[in-house]
Structure formats: structure tokens, C-alpha cells
>>> print(open('structure.txt').read())   # compact mmCIF, N, CA and C atoms
# COMPACT_ATOMS: atom_id res chain seq x y z
N MET A 143 0.85 -1.17 0.00
CA MET A 143 0.00 0.00 0.00
C MET A 143 0.89 1.23 0.00
N LYS A 144 0.63 2.10 -0.97
CA LYS A 144 1.42 3.32 -1.10
C LYS A 144 0.60 4.50 -0.60
N THR A 145 1.21 5.38 0.19
CA THR A 145 0.53 6.57 0.69
C THR A 145 1.18 7.80 0.08
N VAL A 146 0.34 8.69 -0.46
CA VAL A 146 0.82 9.93 -1.06
C VAL A 146 0.00 11.09 -0.52
N THR A 147 0.57 12.28 -0.57
CA THR A 147 -0.15 13.47 -0.13
C THR A 147 -1.11 13.93 -1.23
N ILE A 148 -2.05 14.79 -0.86
CA ILE A 148 -2.99 15.32 -1.85
C ILE A 148 -2.24 16.04 -2.97
N HIS A 149 -1.26 16.84 -2.61
CA HIS A 149 -0.49 17.58 -3.63
C HIS A 149 0.17 16.62 -4.61
N LYS A 150 0.81 15.58 -4.11
CA LYS A 150 1.47 14.61 -4.99
C LYS A 150 0.45 13.85 -5.83
N ALA A 151 -0.71 13.54 -5.24
CA ALA A 151 -1.75 12.84 -5.98
C ALA A 151 -2.26 13.69 -7.14
N LYS A 152 -2.39 15.00 -6.91
CA LYS A 152 -2.84 15.89 -7.97
C LYS A 152 -1.83 15.97 -9.10
N THR A 153 -0.57 15.99 -8.79
CA THR A 153 0.46 16.14 -9.83
C THR A 153 0.76 14.82 -10.54
N GLU A 154 0.50 13.68 -9.89
CA GLU A 154 0.82 12.37 -10.47
C GLU A 154 -0.42 11.49 -10.62
N LEU A 155 -1.59 12.10 -10.84
CA LEU A 155 -2.83 11.34 -10.87
C LEU A 155 -2.82 10.24 -11.92
N SER A 156 -2.36 10.53 -13.12
CA SER A 156 -2.34 9.51 -14.18
C SER A 156 -1.51 8.30 -13.80
N LYS A 157 -0.35 8.54 -13.21
CA LYS A 157 0.52 7.43 -12.79
C LYS A 157 -0.13 6.62 -11.67
N LEU A 158 -0.78 7.31 -10.74
CA LEU A 158 -1.44 6.61 -9.63
C LEU A 158 -2.62 5.78 -10.13
N ILE A 159 -3.35 6.29 -11.11
CA ILE A 159 -4.46 5.53 -11.68
C ILE A 159 -3.94 4.26 -12.35
N GLU A 160 -2.85 4.37 -13.08
CA GLU A 160 -2.26 3.19 -13.72
C GLU A 160 -1.86 2.14 -12.67
N LYS A 161 -1.26 2.59 -11.59
CA LYS A 161 -0.87 1.66 -10.52
C LYS A 161 -2.10 0.99 -9.90
N ALA A 162 -3.15 1.78 -9.68
CA ALA A 162 -4.38 1.21 -9.11
C ALA A 162 -4.99 0.19 -10.06
N CYS A 163 -4.96 0.45 -11.35
CA CYS A 163 -5.50 -0.49 -12.34
C CYS A 163 -4.70 -1.78 -12.38
N ARG A 164 -3.44 -1.73 -11.99
CA ARG A 164 -2.61 -2.94 -11.93
C ARG A 164 -2.79 -3.68 -10.61
N GLY A 165 -3.65 -3.14 -9.73
CA GLY A 165 -3.94 -3.85 -8.49
C GLY A 165 -3.32 -3.25 -7.24
N GLU A 166 -2.52 -2.23 -7.39
CA GLU A 166 -1.89 -1.61 -6.22
C GLU A 166 -2.89 -0.70 -5.51
N GLU A 167 -2.85 -0.70 -4.19
CA GLU A 167 -3.73 0.15 -3.41
C GLU A 167 -3.01 1.45 -3.08
N ILE A 168 -3.65 2.57 -3.38
CA ILE A 168 -3.07 3.89 -3.15
C ILE A 168 -3.91 4.60 -2.09
N VAL A 169 -3.26 5.14 -1.06
CA VAL A 169 -3.94 5.92 -0.03
C VAL A 169 -3.52 7.37 -0.19
N ILE A 170 -4.51 8.26 -0.23
CA ILE A 170 -4.23 9.70 -0.34
C ILE A 170 -4.45 10.31 1.03
N ALA A 171 -3.45 11.07 1.50
CA ALA A 171 -3.49 11.61 2.86
C ALA A 171 -3.34 13.13 2.85
N ARG A 172 -3.90 13.74 3.87
CA ARG A 172 -3.66 15.16 4.13
C ARG A 172 -2.65 15.20 5.25
N GLY A 173 -1.43 15.56 4.90
CA GLY A 173 -0.35 15.47 5.87
C GLY A 173 -0.07 14.00 6.14
N LYS A 174 -0.23 13.59 7.38
CA LYS A 174 -0.03 12.17 7.73
C LYS A 174 -1.35 11.45 7.98
N LYS A 175 -2.48 12.15 7.84
CA LYS A 175 -3.79 11.56 8.10
C LYS A 175 -4.40 11.00 6.81
N PRO A 176 -4.56 9.67 6.72
CA PRO A 176 -5.15 9.06 5.52
C PRO A 176 -6.60 9.53 5.33
N LEU A 177 -6.95 9.87 4.09
CA LEU A 177 -8.30 10.35 3.79
C LEU A 177 -9.09 9.41 2.89
N VAL A 178 -8.48 9.01 1.78
CA VAL A 178 -9.19 8.19 0.80
C VAL A 178 -8.27 7.10 0.26
N ARG A 179 -8.91 6.08 -0.33
CA ARG A 179 -8.18 4.98 -0.94
C ARG A 179 -8.52 4.95 -2.42
N LEU A 180 -7.52 4.87 -3.27
CA LEU A 180 -7.71 4.80 -4.72
C LEU A 180 -7.53 3.35 -5.14
N VAL A 181 -8.61 2.75 -5.61
CA VAL A 181 -8.57 1.36 -6.08
C VAL A 181 -9.32 1.27 -7.41
N ALA A 182 -8.98 0.30 -8.22
CA ALA A 182 -9.65 0.11 -9.50
C ALA A 182 -11.03 -0.48 -9.29
N ILE A 183 -11.95 -0.12 -10.16
CA ILE A 183 -13.30 -0.67 -10.15
C ILE A 183 -13.29 -1.91 -11.03
N GLU A 184 -13.86 -2.99 -10.53
CA GLU A 184 -13.95 -4.20 -11.34
C GLU A 184 -15.01 -4.01 -12.40
N ASP A 185 -14.72 -4.49 -13.61
CA ASP A 185 -15.67 -4.39 -14.71
C ASP A 185 -16.67 -5.52 -14.59
N LYS A 186 -17.90 -5.19 -14.22
CA LYS A 186 -18.95 -6.20 -14.03
C LYS A 186 -19.54 -6.69 -15.35
N ARG A 187 -19.28 -5.95 -16.44
CA ARG A 187 -19.86 -6.32 -17.72
C ARG A 187 -19.17 -7.53 -18.33
N GLY A 188 -17.93 -7.74 -18.01
CA GLY A 188 -17.20 -8.85 -18.59
C GLY A 188 -16.73 -8.53 -20.00
N ASP A 189 -16.31 -9.54 -20.71
CA ASP A 189 -15.80 -9.37 -22.06
C ASP A 189 -16.96 -9.42 -23.04
N ALA A 190 -17.13 -8.38 -23.82
CA ALA A 190 -18.23 -8.32 -24.77
C ALA A 190 -17.76 -8.54 -26.20
N SER A 191 -16.69 -9.30 -26.37
CA SER A 191 -16.17 -9.52 -27.71
C SER A 191 -17.10 -10.45 -28.50
N PRO A 192 -17.23 -10.22 -29.81
CA PRO A 192 -18.10 -11.06 -30.64
C PRO A 192 -17.68 -12.52 -30.61
N GLY A 193 -18.64 -13.39 -30.50
CA GLY A 193 -18.37 -14.83 -30.49
C GLY A 193 -18.05 -15.40 -29.13
N ARG A 194 -17.96 -14.54 -28.12
CA ARG A 194 -17.65 -15.04 -26.78
C ARG A 194 -18.81 -15.89 -26.27
N GLY A 195 -18.53 -17.05 -25.77
CA GLY A 195 -19.55 -17.91 -25.19
C GLY A 195 -20.20 -18.86 -26.19
N ARG A 196 -19.76 -18.84 -27.44
CA ARG A 196 -20.41 -19.70 -28.42
C ARG A 196 -20.22 -21.18 -28.12
N GLU A 197 -19.17 -21.52 -27.36
CA GLU A 197 -18.96 -22.93 -27.01
C GLU A 197 -19.91 -23.38 -25.90
N GLU A 198 -20.58 -22.42 -25.26
CA GLU A 198 -21.44 -22.73 -24.13
C GLU A 198 -22.87 -23.08 -24.54
N PHE A 199 -23.21 -22.89 -25.82
CA PHE A 199 -24.57 -23.12 -26.28
C PHE A 199 -24.58 -24.10 -27.43
N LEU A 200 -25.67 -24.86 -27.51
CA LEU A 200 -25.87 -25.78 -28.63
C LEU A 200 -27.10 -25.29 -29.38
N ILE A 201 -26.92 -24.89 -30.61
CA ILE A 201 -28.03 -24.41 -31.43
C ILE A 201 -28.35 -25.50 -32.45
N LEU A 202 -29.56 -26.03 -32.35
CA LEU A 202 -29.98 -27.10 -33.22
C LEU A 202 -30.72 -26.55 -34.44
N PRO A 203 -30.61 -27.23 -35.59
CA PRO A 203 -31.38 -26.82 -36.75
C PRO A 203 -32.88 -26.94 -36.45
N MET A 204 -33.70 -26.19 -37.16
CA MET A 204 -35.14 -26.15 -36.91
C MET A 204 -35.78 -27.53 -36.97
N ARG A 205 -35.35 -28.39 -37.86
CA ARG A 205 -35.98 -29.71 -38.01
C ARG A 205 -35.73 -30.63 -36.81
N LEU A 206 -34.73 -30.35 -35.98
CA LEU A 206 -34.43 -31.19 -34.81
C LEU A 206 -35.04 -30.64 -33.53
N ARG A 207 -35.61 -29.45 -33.57
CA ARG A 207 -36.20 -28.87 -32.37
C ARG A 207 -37.58 -29.45 -32.13
N ARG A 208 -37.97 -29.64 -30.88
CA ARG A 208 -39.32 -30.12 -30.54
C ARG A 208 -39.90 -29.27 -29.48
>>> encode(input="structure.txt", output="C-alpha cells")
Amino acid sequence: MKTVTIHKAKTELSKLIEKACRGEEIVIARGKKPLVRLVAIEDKRGDASPGRGREEFLILPMRLRR
């Protein structure tokens, strides 16, 4: 866990976001008092690439359906 001051967080926000996205926990403090934690948000949508999940379904031709 890395702790940075508000001033440093403002000047290095892009770098801190990259670190958080890689799984590192960042704490932003005012002086020595921790205030907030910067962590990545998990993507609940999952992978929306075309064809994903096609192995999970069996699609039968119309003549075999009942």
C-alpha cells in the first residue's frame, strides 16, 4: 500500500491511476492523516467480444427442435 499526499496525488494522478489499475492500493493523505483509498473498479460487464460464449450453447437446426 502506497501513501501519497494530496499535492502529490494531484500532480501524479495519471501514474497513480495506472498503478491502481494494476492492483496496487493507493492511499491519499492530508499530511499524515489518511483520507481516501484509490482502487480500480472491477468491470462487471465482462468481455463483450463477438463470439464469446459460443462454445457454451448448442443451437440445433429447426428440423431437430421439438
>>> atom_distance(input="structure.txt", atom1="atom CA of Lys174 of chain A", atom2="atom CA of Glu160 of chain A")
23.4 Å
>>> atom_distance(input="structure.txt", atom1="atom CA of Glu184 of chain A", atom2="atom CA of Lys150 of chain A")
25.1 Å
>>> closest_residue(input="structure.txt", among="A:Lys144, A:His149, A:Ser156, A:Ile183", to="Val169 of chain A", atoms="only C-alpha atoms")
A:Lys144
>>> atom_distance(input="structure.txt", atom1="atom C of Pro176 of chain A", atom2="atom CA of Arg164 of chain A")
21.7 Å
>>> axis_aligned_box(input="structure.txt", around="segment 164-180 of chain A", padding_each_side="3 Å", output="JSON")
{"center_x": -4.6, "center_y": 5.9, "center_z": -1.9, "size_x": 15.2, "size_y": 25.4, "size_z": 26.1}
>>> build_atoms(input="structure.txt", residues="segment 146-172 of chain A", atoms="N, CA, C and O atoms", output="PDB file, keeping the file's coordinate frame")
ATOM      1  N   VAL A 146       0.340   8.690  -0.460  1.00  0.00           N
ATOM      2  CA  VAL A 146       0.820   9.930  -1.060  1.00  0.00           C
ATOM      3  C   VAL A 146       0.000  11.090  -0.520  1.00  0.00           C
ATOM      4  O   VAL A 146      -1.136  10.907  -0.075  1.00  0.00           O
ATOM      5  N   THR A 147       0.570  12.280  -0.570  1.00  0.00           N
ATOM      6  CA  THR A 147      -0.150  13.470  -0.130  1.00  0.00           C
ATOM      7  C   THR A 147      -1.110  13.930  -1.230  1.00  0.00           C
ATOM      8  O   THR A 147      -0.986  13.504  -2.392  1.00  0.00           O
ATOM      9  N   ILE A 148      -2.050  14.790  -0.860  1.00  0.00           N
ATOM     10  CA  ILE A 148      -2.990  15.320  -1.850  1.00  0.00           C
ATOM     11  C   ILE A 148      -2.240  16.040  -2.970  1.00  0.00           C
ATOM     12  O   ILE A 148      -2.557  15.859  -4.148  1.00  0.00           O
ATOM     13  N   HIS A 149      -1.260  16.840  -2.610  1.00  0.00           N
ATOM     14  CA  HIS A 149      -0.490  17.580  -3.630  1.00  0.00           C
ATOM     15  C   HIS A 149       0.170  16.620  -4.610  1.00  0.00           C
ATOM     16  O   HIS A 149       0.078  16.801  -5.833  1.00  0.00           O
ATOM     17  N   LYS A 150       0.810  15.580  -4.110  1.00  0.00           N
ATOM     18  CA  LYS A 150       1.470  14.610  -4.990  1.00  0.00           C
ATOM     19  C   LYS A 150       0.450  13.850  -5.830  1.00  0.00           C
ATOM     20  O   LYS A 150       0.684  13.579  -7.004  1.00  0.00           O
ATOM     21  N   ALA A 151      -0.710  13.540  -5.240  1.00  0.00           N
ATOM     22  CA  ALA A 151      -1.750  12.840  -5.980  1.00  0.00           C
ATOM     23  C   ALA A 151      -2.260  13.690  -7.140  1.00  0.00           C
ATOM     24  O   ALA A 151      -2.549  13.176  -8.221  1.00  0.00           O
ATOM     25  N   LYS A 152      -2.390  15.000  -6.910  1.00  0.00           N
ATOM     26  CA  LYS A 152      -2.840  15.890  -7.970  1.00  0.00           C
ATOM     27  C   LYS A 152      -1.830  15.970  -9.100  1.00  0.00           C
ATOM     28  O   LYS A 152      -2.214  15.979 -10.276  1.00  0.00           O
ATOM     29  N   THR A 153      -0.570  15.990  -8.790  1.00  0.00           N
ATOM     30  CA  THR A 153       0.460  16.140  -9.830  1.00  0.00           C
ATOM     31  C   THR A 153       0.760  14.820 -10.540  1.00  0.00           C
ATOM     32  O   THR A 153       1.197  14.831 -11.684  1.00  0.00           O
ATOM     33  N   GLU A 154       0.500  13.680  -9.890  1.00  0.00           N
ATOM     34  CA  GLU A 154       0.820  12.370 -10.470  1.00  0.00           C
ATOM     35  C   GLU A 154      -0.420  11.490 -10.620  1.00  0.00           C
ATOM     36  O   GLU A 154      -0.321  10.263 -10.568  1.00  0.00           O
ATOM     37  N   LEU A 155      -1.590  12.100 -10.840  1.00  0.00           N
ATOM     38  CA  LEU A 155      -2.830  11.340 -10.870  1.00  0.00           C
ATOM     39  C   LEU A 155      -2.820  10.240 -11.920  1.00  0.00           C
ATOM     40  O   LEU A 155      -3.221   9.102 -11.643  1.00  0.00           O
ATOM     41  N   SER A 156      -2.360  10.530 -13.120  1.00  0.00           N
ATOM     42  CA  SER A 156      -2.340   9.510 -14.180  1.00  0.00           C
ATOM     43  C   SER A 156      -1.510   8.300 -13.800  1.00  0.00           C
ATOM     44  O   SER A 156      -1.919   7.155 -14.010  1.00  0.00           O
ATOM     45  N   LYS A 157      -0.350   8.540 -13.210  1.00  0.00           N
ATOM     46  CA  LYS A 157       0.520   7.430 -12.790  1.00  0.00           C
ATOM     47  C   LYS A 157      -0.130   6.620 -11.670  1.00  0.00           C
ATOM     48  O   LYS A 157      -0.056   5.392 -11.657  1.00  0.00           O
ATOM     49  N   LEU A 158      -0.780   7.310 -10.740  1.00  0.00           N
ATOM     50  CA  LEU A 158      -1.440   6.610  -9.630  1.00  0.00           C
ATOM     51  C   LEU A 158      -2.620   5.780 -10.130  1.00  0.00           C
ATOM     52  O   LEU A 158      -2.850   4.671  -9.638  1.00  0.00           O
ATOM     53  N   ILE A 159      -3.350   6.290 -11.110  1.00  0.00           N
ATOM     54  CA  ILE A 159      -4.460   5.530 -11.680  1.00  0.00           C
ATOM     55  C   ILE A 159      -3.940   4.260 -12.350  1.00  0.00           C
ATOM     56  O   ILE A 159      -4.523   3.178 -12.188  1.00  0.00           O
ATOM     57  N   GLU A 160      -2.850   4.370 -13.080  1.00  0.00           N
ATOM     58  CA  GLU A 160      -2.260   3.190 -13.720  1.00  0.00           C
ATOM     59  C   GLU A 160      -1.860   2.140 -12.670  1.00  0.00           C
ATOM     60  O   GLU A 160      -2.105   0.951 -12.855  1.00  0.00           O
ATOM     61  N   LYS A 161      -1.260   2.590 -11.590  1.00  0.00           N
ATOM     62  CA  LYS A 161      -0.870   1.660 -10.520  1.00  0.00           C
ATOM     63  C   LYS A 161      -2.100   0.990  -9.900  1.00  0.00           C
ATOM     64  O   LYS A 161      -2.093  -0.210  -9.630  1.00  0.00           O
ATOM     65  N   ALA A 162      -3.150   1.780  -9.680  1.00  0.00           N
ATOM     66  CA  ALA A 162      -4.380   1.210  -9.110  1.00  0.00           C
ATOM     67  C   ALA A 162      -4.990   0.190 -10.060  1.00  0.00           C
ATOM     68  O   ALA A 162      -5.475  -0.860  -9.625  1.00  0.00           O
ATOM     69  N   CYS A 163      -4.960   0.450 -11.350  1.00  0.00           N
ATOM     70  CA  CYS A 163      -5.500  -0.490 -12.340  1.00  0.00           C
ATOM     71  C   CYS A 163      -4.700  -1.780 -12.380  1.00  0.00           C
ATOM     72  O   CYS A 163      -5.240  -2.827 -12.757  1.00  0.00           O
ATOM     73  N   ARG A 164      -3.440  -1.730 -11.990  1.00  0.00           N
ATOM     74  CA  ARG A 164      -2.610  -2.940 -11.930  1.00  0.00           C
ATOM     75  C   ARG A 164      -2.790  -3.680 -10.610  1.00  0.00           C
ATOM     76  O   ARG A 164      -2.146  -4.697 -10.380  1.00  0.00           O
ATOM     77  N   GLY A 165      -3.650  -3.140  -9.730  1.00  0.00           N
ATOM     78  CA  GLY A 165      -3.940  -3.850  -8.490  1.00  0.00           C
ATOM     79  C   GLY A 165      -3.320  -3.250  -7.240  1.00  0.00           C
ATOM     80  O   GLY A 165      -3.576  -3.730  -6.135  1.00  0.00           O
ATOM     81  N   GLU A 166      -2.520  -2.230  -7.390  1.00  0.00           N
ATOM     82  CA  GLU A 166      -1.890  -1.610  -6.220  1.00  0.00           C
ATOM     83  C   GLU A 166      -2.890  -0.700  -5.510  1.00  0.00           C
ATOM     84  O   GLU A 166      -3.704  -0.040  -6.143  1.00  0.00           O
ATOM     85  N   GLU A 167      -2.850  -0.700  -4.190  1.00  0.00           N
ATOM     86  CA  GLU A 167      -3.730   0.150  -3.410  1.00  0.00           C
ATOM     87  C   GLU A 167      -3.010   1.450  -3.080  1.00  0.00           C
ATOM     88  O   GLU A 167      -1.890   1.428  -2.579  1.00  0.00           O
ATOM     89  N   ILE A 168      -3.650   2.570  -3.380  1.00  0.00           N
ATOM     90  CA  ILE A 168      -3.070   3.890  -3.150  1.00  0.00           C
ATOM     91  C   ILE A 168      -3.910   4.600  -2.090  1.00  0.00           C
ATOM     92  O   ILE A 168      -5.125   4.672  -2.211  1.00  0.00           O
ATOM     93  N   VAL A 169      -3.260   5.140  -1.060  1.00  0.00           N
ATOM     94  CA  VAL A 169      -3.940   5.920  -0.030  1.00  0.00           C
ATOM     95  C   VAL A 169      -3.520   7.370  -0.190  1.00  0.00           C
ATOM     96  O   VAL A 169      -2.329   7.671  -0.289  1.00  0.00           O
ATOM     97  N   ILE A 170      -4.510   8.260  -0.230  1.00  0.00           N
ATOM     98  CA  ILE A 170      -4.230   9.700  -0.340  1.00  0.00           C
ATOM     99  C   ILE A 170      -4.450  10.310   1.030  1.00  0.00           C
ATOM    100  O   ILE A 170      -5.502  10.103   1.655  1.00  0.00           O
ATOM    101  N   ALA A 171      -3.450  11.070   1.500  1.00  0.00           N
ATOM    102  CA  ALA A 171      -3.490  11.610   2.860  1.00  0.00           C
ATOM    103  C   ALA A 171      -3.340  13.130   2.850  1.00  0.00           C
ATOM    104  O   ALA A 171      -2.747  13.704   1.944  1.00  0.00           O
ATOM    105  N   ARG A 172      -3.900  13.740   3.870  1.00  0.00           N
ATOM    106  CA  ARG A 172      -3.660  15.160   4.130  1.00  0.00           C
ATOM    107  C   ARG A 172      -2.650  15.200   5.250  1.00  0.00           C
ATOM    108  O   ARG A 172      -2.959  14.863   6.388  1.00  0.00           O
TER     109      ARG A 172
END
